[in-house]
>>> print(open('start.csv').read())   # CSV, C-alpha atoms
chain,number,residue,atom,x,y,z
A,1,MET,CA,0.0,0.0,0.0
A,2,ARG,CA,1.3,3.4,-1.0
A,3,ASN,CA,0.0,6.9,-0.3
A,4,TYR,CA,-1.6,8.7,-3.2
A,5,GLU,CA,-3.4,11.9,-3.6
A,6,ASN,CA,-6.2,12.1,-6.2
A,7,LEU,CA,-7.4,15.5,-7.4
A,8,VAL,CA,-10.5,15.4,-9.5
A,9,ILE,CA,-12.2,18.3,-11.3
A,10,VAL,CA,-15.9,17.7,-11.7
A,11,LYS,CA,-18.0,19.5,-14.4
A,12,PRO,CA,-19.5,22.7,-13.2
A,13,THR,CA,-22.7,22.3,-15.4
A,14,LEU,CA,-24.0,19.6,-12.9
A,15,THR,CA,-26.2,20.6,-10.0
A,16,ALA,CA,-24.9,20.5,-6.4
A,17,GLU,CA,-26.5,17.1,-5.7
A,18,GLU,CA,-25.2,15.6,-9.0
A,19,ILE,CA,-21.7,16.9,-8.1
A,20,GLN,CA,-21.9,15.2,-4.7
A,21,ALA,CA,-23.2,12.0,-6.2
A,22,SER,CA,-20.3,11.9,-8.7
A,23,VAL,CA,-17.8,12.7,-6.0
A,24,LYS,CA,-19.2,9.7,-4.0
A,25,GLU,CA,-19.0,7.6,-7.1
A,26,ILE,CA,-15.3,8.5,-7.5
A,27,GLU,CA,-14.6,7.6,-3.9
A,28,GLU,CA,-16.3,4.3,-4.5
A,29,ILE,CA,-14.1,3.6,-7.4
A,30,ILE,CA,-11.1,3.9,-5.1
A,31,THR,CA,-12.5,1.8,-2.3
A,32,SER,CA,-13.8,-0.9,-4.6
A,33,ASN,CA,-10.2,-1.3,-5.9
A,34,GLY,CA,-8.8,-2.0,-2.5
A,35,GLY,CA,-8.0,1.6,-1.6
A,36,GLU,CA,-8.4,3.1,1.8
A,37,ILE,CA,-9.5,6.7,1.9
A,38,GLN,CA,-7.8,8.6,4.7
A,39,ALA,CA,-9.2,12.0,4.2
A,40,THR,CA,-11.0,14.2,1.6
A,41,SER,CA,-11.0,17.9,1.2
A,42,PRO,CA,-13.4,19.7,-1.1
A,43,MET,CA,-11.7,22.8,-2.6
A,44,GLY,CA,-15.1,23.8,-4.0
A,45,MET,CA,-16.0,25.6,-7.2
A,46,ARG,CA,-13.0,27.5,-8.6
A,47,LYS,CA,-12.1,29.3,-11.7
A,48,LEU,CA,-9.9,27.2,-14.0
A,49,ALA,CA,-6.6,28.7,-15.1
A,50,TYR,CA,-7.5,27.8,-18.6
A,51,PRO,CA,-10.7,26.5,-20.1
A,52,ILE,CA,-11.1,22.7,-20.2
A,53,GLU,CA,-13.7,21.4,-22.7
A,54,LYS,CA,-15.1,25.0,-22.9
A,55,ASN,CA,-15.7,25.1,-19.1
A,56,GLU,CA,-14.4,28.2,-17.3
A,57,ARG,CA,-15.0,26.8,-13.8
A,58,GLY,CA,-14.7,23.4,-12.1
A,59,TYR,CA,-15.5,21.7,-8.8
A,60,TYR,CA,-12.2,20.6,-7.2
A,61,HIS,CA,-12.1,17.7,-4.9
A,62,VAL,CA,-9.0,16.1,-3.3
A,63,ILE,CA,-8.9,12.5,-2.0
A,64,TYR,CA,-6.0,11.3,0.2
A,65,SER,CA,-5.8,7.5,0.2
A,66,SER,CA,-3.5,4.6,0.5
A,67,ILE,CA,-3.8,2.3,-2.6
A,68,ALA,CA,-1.9,-0.7,-3.8
A,69,PRO,CA,0.3,0.5,-6.7
A,70,SER,CA,-1.1,-2.1,-9.1
A,71,ALA,CA,-4.6,-0.8,-8.7
A,72,ILE,CA,-3.8,2.7,-9.9
A,73,SER,CA,-4.0,1.9,-13.6
A,74,GLU,CA,-7.4,0.5,-13.1
A,75,ILE,CA,-8.6,3.5,-11.1
A,76,GLU,CA,-7.3,5.9,-13.7
A,77,ARG,CA,-9.0,3.9,-16.5
A,78,ARG,CA,-12.3,4.2,-14.7
A,79,PHE,CA,-11.7,8.0,-14.2
A,80,ARG,CA,-11.1,8.3,-17.9
A,81,ILE,CA,-14.4,6.7,-18.7
A,82,ASN,CA,-16.3,8.9,-16.3
A,83,GLU,CA,-17.7,11.8,-18.3
A,84,ASP,CA,-18.4,14.0,-15.2
A,85,LEU,CA,-14.7,14.5,-14.7
A,86,LEU,CA,-12.9,17.3,-16.5
A,87,ARG,CA,-9.4,16.4,-15.2
A,88,PHE,CA,-7.8,14.2,-12.7
A,89,VAL,CA,-4.3,14.3,-11.2
A,90,THR,CA,-2.8,11.4,-9.2
A,91,ILE,CA,0.2,12.0,-7.2
A,92,LYS,CA,2.4,9.5,-5.4
A,93,TYR,CA,3.9,10.2,-1.9
A,94,ASP,CA,6.7,7.7,-1.6
A,95,THR,CA,9.8,9.1,0.0
A,96,ASN,CA,10.0,9.7,3.8
A,97,ARG,CA,9.8,13.5,3.3
A,98,GLU,CA,6.8,13.2,1.1
A,99,LYS,CA,5.1,10.8,3.5
A,100,ALA,CA,5.5,13.3,6.3
A,101,ALA,CA,4.0,16.0,4.2
A,102,PHE,CA,1.2,13.6,3.2
A,103,ASN,CA,0.4,12.9,6.8
A,104,GLY,CA,0.4,16.6,7.6
A,105,MET,CA,-2.1,17.2,4.8
A,106,VAL,CA,-4.3,14.4,5.9
A,107,GLU,CA,-4.4,15.8,9.4
A,108,LYS,CA,-5.2,19.2,8.1
A,109,ALA,CA,-8.0,17.9,5.8
A,110,LYS,CA,-9.5,16.0,8.7
A,111,LYS,CA,-9.4,19.1,10.9
A,112,ASP,CA,-11.0,21.2,8.1
A,113,ALA,CA,-13.7,18.6,7.6
A,114,SER,CA,-14.7,18.6,11.2
A,115,ALA,CA,-14.5,22.3,12.1
A,116,PRO,CA,-16.0,24.7,9.5
A,117,ALA,CA,-19.0,22.8,8.3
A,118,LYS,CA,-21.1,26.0,8.0
A,119,VAL,CA,-18.5,28.0,6.1
A,120,GLU,CA,-18.4,25.7,3.1
A,121,THR,CA,-21.8,26.4,1.7
A,122,PRO,CA,-21.7,30.2,1.4
A,123,ALA,CA,-18.2,30.2,0.1
A,124,THR,CA,-19.0,27.9,-2.8
A,125,GLU,CA,-22.2,29.8,-3.7
A,126,GLU,CA,-20.6,33.3,-3.5
A,127,ALA,CA,-17.6,32.6,-5.7
A,128,PRO,CA,-19.4,32.1,-9.0
A,129,VAL,CA,-21.8,35.0,-8.4
A,130,ALA,CA,-18.9,37.4,-7.8
A,131,GLU,CA,-17.2,36.3,-11.0
A,132,ALA,CA,-20.2,36.2,-13.2
A,133,PRO,CA,-20.5,39.8,-14.4
A,134,ALA,CA,-16.9,40.3,-15.2
A,135,THR,CA,-15.9,37.2,-17.2
A,136,GLU,CA,-17.5,35.1,-19.8
A,137,THR,CA,-19.5,33.0,-17.4
A,138,PRO,CA,-22.9,34.1,-18.9
A,139,ALA,CA,-22.0,31.9,-21.9
A,140,VAL,CA,-21.5,29.0,-19.6
A,141,GLU,CA,-24.7,29.6,-17.8
A,142,THR,CA,-26.7,29.6,-21.0
A,143,ALA,CA,-25.0,26.4,-22.0
A,144,ALA,CA,-25.9,24.7,-18.7
A,145,PRO,CA,-29.7,24.5,-19.0
A,146,ALA,CA,-29.4,23.3,-22.6
A,147,ALA,CA,-27.2,20.4,-21.4
A,148,GLU,CA,-29.6,19.4,-18.7
B,1,MET,CA,14.8,47.3,-14.5
B,2,ALA,CA,12.3,46.8,-11.7
B,3,GLU,CA,12.6,43.1,-12.3
B,4,LYS,CA,16.4,43.2,-12.2
B,5,ARG,CA,16.4,44.9,-8.8
B,6,LYS,CA,13.9,42.4,-7.5
B,7,TYR,CA,16.3,39.5,-8.1
B,8,LYS,CA,19.6,41.3,-7.4
B,9,LYS,CA,20.4,39.7,-4.1
B,10,ARG,CA,21.2,36.1,-4.8
B,11,TYR,CA,20.1,33.7,-2.2
B,12,CYS,CA,17.6,30.8,-2.1
B,13,LYS,CA,14.4,32.0,-0.4
B,14,TYR,CA,13.3,28.4,0.1
B,15,CYS,CA,16.5,27.5,1.8
B,16,GLU,CA,16.1,30.4,4.1
B,17,ALA,CA,12.5,29.4,4.9
B,18,LYS,CA,13.7,25.7,5.2
B,19,VAL,CA,11.1,24.4,2.8
B,20,ASP,CA,11.1,20.7,2.7
B,21,PHE,CA,8.0,20.1,0.7
B,22,MET,CA,5.9,22.2,-1.6
B,23,ASP,CA,2.2,21.7,-2.2
B,24,TYR,CA,1.1,22.2,-5.8
B,25,LYS,CA,-2.4,23.1,-4.6
B,26,ASP,CA,-1.1,26.3,-3.0
B,27,ALA,CA,-1.0,28.2,-6.3
B,28,GLY,CA,-0.2,31.6,-4.6
B,29,ALA,CA,3.1,30.3,-3.2
B,30,LEU,CA,4.3,29.3,-6.7
B,31,ARG,CA,3.9,32.9,-7.9
B,32,PHE,CA,7.5,33.8,-6.8
B,33,SER,CA,9.1,31.4,-9.3
B,34,LEU,CA,6.8,32.3,-12.2
B,35,SER,CA,7.2,35.2,-14.6
B,36,GLU,CA,4.2,37.4,-15.4
B,37,ARG,CA,3.6,35.2,-18.4
B,38,TYR,CA,3.6,32.2,-16.1
B,39,LYS,CA,6.9,30.8,-17.4
B,40,ILE,CA,9.1,29.2,-14.8
B,41,MET,CA,11.7,31.7,-13.8
B,42,PRO,CA,15.3,30.6,-14.3
B,43,ARG,CA,17.6,30.1,-11.4
B,44,ARG,CA,19.9,32.8,-12.4
B,45,LEU,CA,17.2,35.4,-11.8
B,46,THR,CA,15.5,34.0,-8.7
B,47,GLY,CA,18.6,32.8,-7.0
B,48,ASN,CA,17.0,29.5,-6.0
B,49,CYS,CA,19.3,26.6,-5.3
B,50,LYS,CA,19.3,23.6,-7.5
B,51,ARG,CA,17.4,21.4,-5.1
B,52,HIS,CA,14.6,23.8,-4.6
B,53,GLN,CA,14.5,24.7,-8.3
B,54,ASP,CA,14.0,21.1,-9.1
B,55,MET,CA,11.2,20.9,-6.5
B,56,ILE,CA,9.4,24.0,-7.7
B,57,SER,CA,9.6,23.0,-11.4
B,58,ILE,CA,7.9,19.7,-10.6
B,59,VAL,CA,5.3,21.3,-8.5
B,60,ILE,CA,4.5,24.0,-11.1
B,61,LYS,CA,4.1,21.4,-13.7
B,62,ARG,CA,1.7,19.5,-11.5
B,63,ALA,CA,-0.3,22.7,-10.8
B,64,ARG,CA,-0.5,23.3,-14.6
B,65,ALA,CA,-2.0,19.9,-15.2
B,66,ALA,CA,-4.5,20.5,-12.5
B,67,ALA,CA,-5.5,23.9,-14.1
B,68,LEU,CA,-4.4,25.8,-11.0
B,69,VAL,CA,-1.8,27.7,-12.9
B,70,PRO,CA,-2.0,28.5,-16.6
B,71,TYR,CA,0.5,27.0,-19.1
B,72,THR,CA,0.7,30.2,-21.2
B,73,VAL,CA,-0.9,33.6,-21.1
B,74,THR,CA,-1.7,35.7,-24.1
B,75,ARG,CA,-1.0,39.4,-24.3
B,76,LYS,CA,-4.6,40.2,-23.5
B,77,GLN,CA,-4.7,38.0,-20.4
B,78,VAL,CA,-1.4,39.5,-19.0
B,79,VAL,CA,-3.2,42.7,-18.4
B,80,VAL,CA,-6.2,41.0,-16.7
B,81,ALA,CA,-3.9,38.8,-14.6
B,82,PRO,CA,-6.0,35.7,-14.2
B,83,PHE,CA,-4.4,34.7,-10.9
B,84,GLU,CA,-6.5,37.3,-9.0
B,85,ASN,CA,-9.8,35.8,-10.1
B,86,LEU,CA,-8.7,32.3,-9.2
B,87,LYS,CA,-9.6,32.5,-5.5
>>> encode(input="start.csv", output="structure tokens")
Amino acid sequence: MRNYENLVIVKPTLTAEEIQASVKEIEEIITSNGGEIQATSPMGMRKLAYPIEKNERGYYHVIYSSIAPSAISEIERRFRINEDLLRFVTIKYDTNREKAAFNGMVEKAKKDASAPAKVETPATEEAPVAEAPATETPAVETAAPAAE
Amino acid sequence: MAEKRKYKKRYCKYCEAKVDFMDYKDAGALRFSLSERYKIMPRRLTGNCKRHQDMISIVIKRARAAALVPYTVTRKQVVVAPFENLK
């Protein structure tokens, strides 16, 4: 078992419940392949540094887990099939120094998950509203209902 | 000229702060080693040591893959500075 970090970007066109459902699905892919999820940290809806598949924003979710190295290729294959994902990044934490950093991040993620439960909801809602008038987000918004 | 002065003193900022590990998700911290066009700054300008330059280049490339930091910025976007809108 090795420590890995999976960062996934979920499509912003989905509704909040659909995003949560797909995040749960992603976590299930990891656990069903013998992975052990240690912590998760939702980074929330963010503006992407560059458009991916014509999306300007994306829902970031980070999963810290220990997975057998042989299972990674299967997990990544499943991620590639999943159409809700814009992008995923898998990072290995192998050396002693990286392991220490990994444990530190897991602790931090756990602390964040337990403490500010109320802060999360307004932060994710406010961010897109503030950006909407300035950037090209109206185009994305019009595209969203059509897709649904 | 302003940029020259910024990097005149040559010492590794990361060594001074005793950085052991860099997190690619913390995009703001990577800004020091990026030019305004989001190219990775060379060691001769930032004064980073070899060890930390290797670390930061790996971390920046990861952040680019995760769409936290742009690969390139066109002339129009340089003015807007997309980094401020990220948070």
>>> closest_atom_pairs(input="start.csv", of="chain B", to="chain A", cutoff="6 Å", atoms="only C-alpha atoms", output="CSV")
residue,atom,partner,partner_atom,distance
B:Ala67,CA,A:Ala49,CA,5.0
B:Leu68,CA,A:Ala49,CA,5.5
B:Val69,CA,A:Ala49,CA,5.4
B:Pro70,CA,A:Ala49,CA,4.8
B:Leu86,CA,A:Lys47,CA,5.2
>>> residues_around(input="start.csv", residues="Ala27 of chain B", least_positions_apart="4", cutoff="9 Å", atoms="only C-alpha atoms", output="list in words")
Asp23, Arg31, Ile60, Ala63, Leu68, Val69 and Phe83 of chain B
>>> atom_distance(input="start.csv", atom1="atom CA of Pro12 of chain A", atom2="atom CA of Arg78 of chain A")
19.9 Å
>>> atom_distance(input="start.csv", atom1="atom CA of Ala65 of chain B", atom2="atom CA of Asn33 of chain A")
24.6 Å
>>> atom_distance(input="start.csv", atom1="atom CA of Tyr4 of chain A", atom2="atom CA of Ser22 of chain A")
19.8 Å
>>> closest_residue(input="start.csv", among="A:Ala113, A:Ala39, A:Ala21, A:Val10", to="Ile63 of chain A", atoms="all atoms listed in the file")
A:Ala39
>>> residues_around(input="start.csv", residues="Ile58 of chain B", least_positions_apart="3", cutoff="12 Å", atoms="all atoms listed in the file", output="list in words")
Ile91 of chain A; Phe21, Met22, Asp23, Tyr24, Leu30, Ser33, Ile40, Arg51, His52, Gln53, Asp54, Met55, Lys61, Arg62, Ala63, Arg64 and Ala65 of chain B
>>> closest_residue(input="start.csv", among="A:Leu14, A:Ile75, A:Ala115, A:Val106", to="Glu28 of chain A", atoms="all atoms listed in the file")
A:Ile75
>>> decode(input="start.csv", residues="segment 31-123 of chain A", atoms="C-alpha atoms", output="PDB file, in the first residue's frame")
ATOM      1  CA  THR A  31     -12.529   1.820  -2.278  1.00  0.00           C
ATOM      2  CA  SER A  32     -13.757  -0.909  -4.626  1.00  0.00           C
ATOM      3  CA  ASN A  33     -10.208  -1.279  -5.948  1.00  0.00           C
ATOM      4  CA  GLY A  34      -8.822  -1.953  -2.488  1.00  0.00           C
ATOM      5  CA  GLY A  35      -7.972   1.637  -1.642  1.00  0.00           C
ATOM      6  CA  GLU A  36      -8.355   3.101   1.812  1.00  0.00           C
ATOM      7  CA  ILE A  37      -9.515   6.702   1.917  1.00  0.00           C
ATOM      8  CA  GLN A  38      -7.755   8.582   4.696  1.00  0.00           C
ATOM      9  CA  ALA A  39      -9.208  12.037   4.183  1.00  0.00           C
ATOM     10  CA  THR A  40     -10.977  14.157   1.627  1.00  0.00           C
ATOM     11  CA  SER A  41     -10.966  17.888   1.191  1.00  0.00           C
ATOM     12  CA  PRO A  42     -13.387  19.689  -1.104  1.00  0.00           C
ATOM     13  CA  MET A  43     -11.718  22.762  -2.558  1.00  0.00           C
ATOM     14  CA  GLY A  44     -15.053  23.818  -3.995  1.00  0.00           C
ATOM     15  CA  MET A  45     -15.967  25.605  -7.191  1.00  0.00           C
ATOM     16  CA  ARG A  46     -12.988  27.460  -8.598  1.00  0.00           C
ATOM     17  CA  LYS A  47     -12.104  29.286 -11.742  1.00  0.00           C
ATOM     18  CA  LEU A  48      -9.863  27.183 -13.965  1.00  0.00           C
ATOM     19  CA  ALA A  49      -6.558  28.670 -15.054  1.00  0.00           C
ATOM     20  CA  TYR A  50      -7.470  27.777 -18.633  1.00  0.00           C
ATOM     21  CA  PRO A  51     -10.722  26.489 -20.133  1.00  0.00           C
ATOM     22  CA  ILE A  52     -11.113  22.709 -20.232  1.00  0.00           C
ATOM     23  CA  GLU A  53     -13.718  21.426 -22.682  1.00  0.00           C
ATOM     24  CA  LYS A  54     -15.054  25.004 -22.882  1.00  0.00           C
ATOM     25  CA  ASN A  55     -15.696  25.123 -19.126  1.00  0.00           C
ATOM     26  CA  GLU A  56     -14.370  28.165 -17.296  1.00  0.00           C
ATOM     27  CA  ARG A  57     -14.950  26.790 -13.816  1.00  0.00           C
ATOM     28  CA  GLY A  58     -14.727  23.436 -12.107  1.00  0.00           C
ATOM     29  CA  TYR A  59     -15.471  21.727  -8.811  1.00  0.00           C
ATOM     30  CA  TYR A  60     -12.212  20.615  -7.189  1.00  0.00           C
ATOM     31  CA  HIS A  61     -12.121  17.657  -4.854  1.00  0.00           C
ATOM     32  CA  VAL A  62      -9.024  16.098  -3.297  1.00  0.00           C
ATOM     33  CA  ILE A  63      -8.907  12.542  -1.957  1.00  0.00           C
ATOM     34  CA  TYR A  64      -6.001  11.307   0.160  1.00  0.00           C
ATOM     35  CA  SER A  65      -5.810   7.540   0.222  1.00  0.00           C
ATOM     36  CA  SER A  66      -3.509   4.556   0.452  1.00  0.00           C
ATOM     37  CA  ILE A  67      -3.846   2.291  -2.552  1.00  0.00           C
ATOM     38  CA  ALA A  68      -1.938  -0.704  -3.840  1.00  0.00           C
ATOM     39  CA  PRO A  69       0.302   0.511  -6.695  1.00  0.00           C
ATOM     40  CA  SER A  70      -1.079  -2.096  -9.092  1.00  0.00           C
ATOM     41  CA  ALA A  71      -4.632  -0.760  -8.679  1.00  0.00           C
ATOM     42  CA  ILE A  72      -3.762   2.747  -9.878  1.00  0.00           C
ATOM     43  CA  SER A  73      -3.964   1.939 -13.576  1.00  0.00           C
ATOM     44  CA  GLU A  74      -7.438   0.470 -13.139  1.00  0.00           C
ATOM     45  CA  ILE A  75      -8.608   3.485 -11.103  1.00  0.00           C
ATOM     46  CA  GLU A  76      -7.269   5.876 -13.733  1.00  0.00           C
ATOM     47  CA  ARG A  77      -8.954   3.871 -16.469  1.00  0.00           C
ATOM     48  CA  ARG A  78     -12.269   4.224 -14.662  1.00  0.00           C
ATOM     49  CA  PHE A  79     -11.662   7.958 -14.207  1.00  0.00           C
ATOM     50  CA  ARG A  80     -11.064   8.328 -17.933  1.00  0.00           C
ATOM     51  CA  ILE A  81     -14.383   6.669 -18.725  1.00  0.00           C
ATOM     52  CA  ASN A  82     -16.279   8.905 -16.291  1.00  0.00           C
ATOM     53  CA  GLU A  83     -17.710  11.805 -18.279  1.00  0.00           C
ATOM     54  CA  ASP A  84     -18.395  13.998 -15.241  1.00  0.00           C
ATOM     55  CA  LEU A  85     -14.677  14.539 -14.746  1.00  0.00           C
ATOM     56  CA  LEU A  86     -12.871  17.323 -16.536  1.00  0.00           C
ATOM     57  CA  ARG A  87      -9.447  16.388 -15.221  1.00  0.00           C
ATOM     58  CA  PHE A  88      -7.781  14.197 -12.657  1.00  0.00           C
ATOM     59  CA  VAL A  89      -4.295  14.286 -11.176  1.00  0.00           C
ATOM     60  CA  THR A  90      -2.825  11.378  -9.236  1.00  0.00           C
ATOM     61  CA  ILE A  91       0.250  12.022  -7.156  1.00  0.00           C
ATOM     62  CA  LYS A  92       2.413   9.499  -5.360  1.00  0.00           C
ATOM     63  CA  TYR A  93       3.867  10.206  -1.926  1.00  0.00           C
ATOM     64  CA  ASP A  94       6.690   7.737  -1.593  1.00  0.00           C
ATOM     65  CA  THR A  95       9.831   9.108   0.047  1.00  0.00           C
ATOM     66  CA  ASN A  96      10.040   9.747   3.763  1.00  0.00           C
ATOM     67  CA  ARG A  97       9.809  13.485   3.329  1.00  0.00           C
ATOM     68  CA  GLU A  98       6.786  13.200   1.090  1.00  0.00           C
ATOM     69  CA  LYS A  99       5.132  10.780   3.492  1.00  0.00           C
ATOM     70  CA  ALA A 100       5.541  13.254   6.335  1.00  0.00           C
ATOM     71  CA  ALA A 101       3.984  15.977   4.185  1.00  0.00           C
ATOM     72  CA  PHE A 102       1.187  13.608   3.216  1.00  0.00           C
ATOM     73  CA  ASN A 103       0.376  12.857   6.842  1.00  0.00           C
ATOM     74  CA  GLY A 104       0.404  16.550   7.596  1.00  0.00           C
ATOM     75  CA  MET A 105      -2.055  17.233   4.780  1.00  0.00           C
ATOM     76  CA  VAL A 106      -4.306  14.378   5.900  1.00  0.00           C
ATOM     77  CA  GLU A 107      -4.409  15.814   9.414  1.00  0.00           C
ATOM     78  CA  LYS A 108      -5.204  19.244   8.053  1.00  0.00           C
ATOM     79  CA  ALA A 109      -7.956  17.914   5.799  1.00  0.00           C
ATOM     80  CA  LYS A 110      -9.519  16.044   8.711  1.00  0.00           C
ATOM     81  CA  LYS A 111      -9.419  19.142  10.873  1.00  0.00           C
ATOM     82  CA  ASP A 112     -10.996  21.238   8.132  1.00  0.00           C
ATOM     83  CA  ALA A 113     -13.699  18.649   7.579  1.00  0.00           C
ATOM     84  CA  SER A 114     -14.699  18.558  11.247  1.00  0.00           C
ATOM     85  CA  ALA A 115     -14.508  22.269  12.096  1.00  0.00           C
ATOM     86  CA  PRO A 116     -15.982  24.666   9.501  1.00  0.00           C
ATOM     87  CA  ALA A 117     -19.027  22.796   8.264  1.00  0.00           C
ATOM     88  CA  LYS A 118     -21.069  25.990   7.980  1.00  0.00           C
ATOM     89  CA  VAL A 119     -18.455  28.030   6.145  1.00  0.00           C
ATOM     90  CA  GLU A 120     -18.368  25.713   3.146  1.00  0.00           C
ATOM     91  CA  THR A 121     -21.816  26.360   1.713  1.00  0.00           C
ATOM     92  CA  PRO A 122     -21.736  30.172   1.427  1.00  0.00           C
ATOM     93  CA  ALA A 123     -18.177  30.158   0.090  1.00  0.00           C
TER      94      ALA A 123
END
